[in-house]
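J.: Dumping the structure here so I can ask a few things about it.
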Amino acid sequence: MADSLKSALFVDFDNIFLGLARIDSGAAEEFASNPGRWLRWFEQPEDGHVRRRILVRQCYLNPRAFHRYRPYFTRSAFRVVDCPPLTQNGKTATDIHMVMDILDALAHDTHFDEFIILSGDSDFTPVMLRLRNHDRRSFVLAVGQASRSYTASCDRVMAEDEFIEDVLELEIDASTARPLESTMAAGGGRPIAPTASPELLDEMAESVREQALEDPNNELQAQVLPRIFRDFEEFRRDGNWLGYFSLRRLTEAIVERRRDLVLIDDDPWKVEAVGPDEEELDQLSEEIIDIVDDLVRESAKALPMAAVAQTVQGKLGDRVLDSRWAGAGSFKELLREAEEVSFSLLLIPGTPGYIWDPERHPEPSIEAPADRFDSLPEDIASIARRVNGVVGVPGLTGEEFKILFDLISEEVEENSFHLTATSKAVRDRALEKGHSIARSCVSFILKGLTYSGHHFENDKDKNDAQSLASIFADHVMTTCEDAELELTEEQKGQLRSWIHGDADAEGAEAEATTASEGAGGSS
């Protein structure tokens, strides 16, 4: 393998700057005035790859509008290509310049391994396909809701929220984004101190650990924690998360009480119970693998992974979970890392995992994963699947859409809008109410609202849940038209019912009616 990755970088300045400015003016300014910062990020090894050498650095900008940022790029060894407006409406030839330069680089004597394109302009889809045909890796920063065909043609796609948070490192901590006055004592001006005593936090931590150890992976998803906390009378009496004002901050305080608990910042986040790291872990790992080997040899068919995990726990007792599966973190990871074993794993997302011997066992029958749209009326479920598949609208139920718009409305009323902070805060608000909704779904909706022209600070009269749902539904309609997904007026109405959450209500009413009729008929 080569000791470095030869890369060529092409920046559509206008596209990225204006896209960022619509959601975060600070991020746009940082991108434009400090290119050396994000350039250093791109030069670092990523996901086990070798270090990048960015041999070509080209930036294309409109000098009439953005001439003040030109020196920042020239000082970072960029070749800046001026692309002034060619028409009265401000149209430039940036895309033509970029395409010609990319194709020139493709034919260059220096074999560039990777092309990094900073643009969300879907007009670049044909050139991305050309790069794929020539076996070149592509990395794209797409600000805005780029078309599915564009993102599908790239090897690696980075969205704007990831760029803001991970590359520019401008994250605002959502756990501290609540307004100051919400944490101030009435009239006193001093922050309200947490009401939980150390003894109470210790008891809650013990309960969290005990219930985490009952899970095969020794973990608790964030949305189940309020149920555990409600077992404590002090928590039920306190409406402010024991003075910590959020599920996340209360959980952090609880986890800090024990060295054998850790908060994992996944999406959504969770709490894991961890065990001691001792020399006997290797021996325990061998014992687990021996049991699995024996079970596979004795079985005439493939074994569900969960059933095997339970058998192992039954034979070896608490030390399996206390050690987090011999330090592997989970049963699945332990099996993945095992060497010289007599079995194989069959792992398909959305289905149960299986352990089997392909030479002796017939391939297990894989059940299709549950359809998240099954709760919707059949006609609405049909259009929801099409829109989800073609334009990428999150595969949420109508109830989840309704919850999200309510929570977005609450969050932006209490705090100023910031894409990364708001998406985290809304996700955590959902978790507090017992709903696990990925942050990526929240971000998709927030970006859809923003790119449709809605401004949370200036359009406060439209920040209620119903208005936000209508604005997002209009945005989805426009996106469908752009993707050439034609919808009838009836289908548009069905789509609106789904996004407004009315579809679930209709489905529940229909089920109730059916149940009532069934009861009446049997009497």
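Letters A, B, ... mark the chains of the structure tokens in the order given; residue numbers begin at 1 per chain; ligand numbers begin at 1, in order shown.
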Extract, using only C-alpha atoms, all DNA, RNA and protein residues at most 9 Å from Arg297 (chain A), discarding same-chain residues fewer than 3 positions from it, and format them as a PyMOL selection string.

T.: chain A and resi 292-294+300+342-343+357

J.: Any idea what's packed within 6 Å of region 53-64 of chain A, counting only C-alpha atoms, ignoring anything in its chain fewer than 5 positions away? Could you give it as a list in words?

T.: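 What passes the distance filter is Leu5, Lys6, Ser7, Ala8, Leu9, Phe10, Val11, Asp12, Phe13, Asp14, Phe78, Arg79, Val80, Val81, Asp82, Cys83 and Pro84 of chain A.
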
J.: With region 385-405 of chain A as the partner and 10 Å as the cut-off, tabulate the residues of region 113-175 of chain A that qualify, each row holding the nearest pair of atoms and their distance in Å to one decimal, using only C-alpha atoms, sorted by chain and rising number, as a tab-separated table.

T.:
```
residue	atom	partner	partner_atom	distance
A:Gln145	CA	A:Val391	CA	9.3
A:Ala146	CA	A:Val391	CA	9.4
A:Ser147	CA	A:Val391	CA	7.2
A:Arg148	CA	A:Val391	CA	6.3
A:Ser149	CA	A:Val390	CA	9.3
```

J.: Can you list, as a PyMOL selection string, every protein, DNA or RNA residue that comes within 10 Å of region 423-432 of chain A when you count only C-alpha atoms, leaving out same-chain residues fewer than 2 positions away?

T.: chain A and resi 161+172-178+221-227+241+246-248+267-269+400+403-412+415+417-421+434-447

J.: So, counting only C-alpha atoms, which residue among A:Ser197, A:Val476, A:Ile116, A:Lys301 is closest to Met158 (chain A)?

T.: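 Under the stated criterion, the closest residue is A:Ile116.
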
J.: As an NGL selection string, please: every residue in region 139-334 of chain A that a backbone DSSP assignment puts in strand (DSSP E).

T.: :A and (139-142 or 156-159 or 219-221 or 261-264 or 270-273 or 303-304)

J.: Counting only C-alpha atoms, what is within 7 Å of region 204-208 of chain A, bar same-chain residues fewer than 4 positions away, as a compact mmCIF listing (two decimals) with C-alpha atoms, in the first residue's frame?

T.:
```txt
# COMPACT_ATOMS: atom_id res chain seq x y z
CA LEU A 200 -29.58 9.40 45.92
CA ALA A 212 -27.80 -2.57 32.24
CA PHE A 229 -35.46 7.09 37.43
CA ILE A 254 -25.09 9.55 37.80
CA VAL A 255 -22.43 7.94 35.61
CA ARG A 257 -20.60 8.23 40.61
```

J.: What is the CA of Phe42 (chain A)-CA of Ala93 (chain A) distance in Å, reported with one decimal?

T.: 26.4 Å
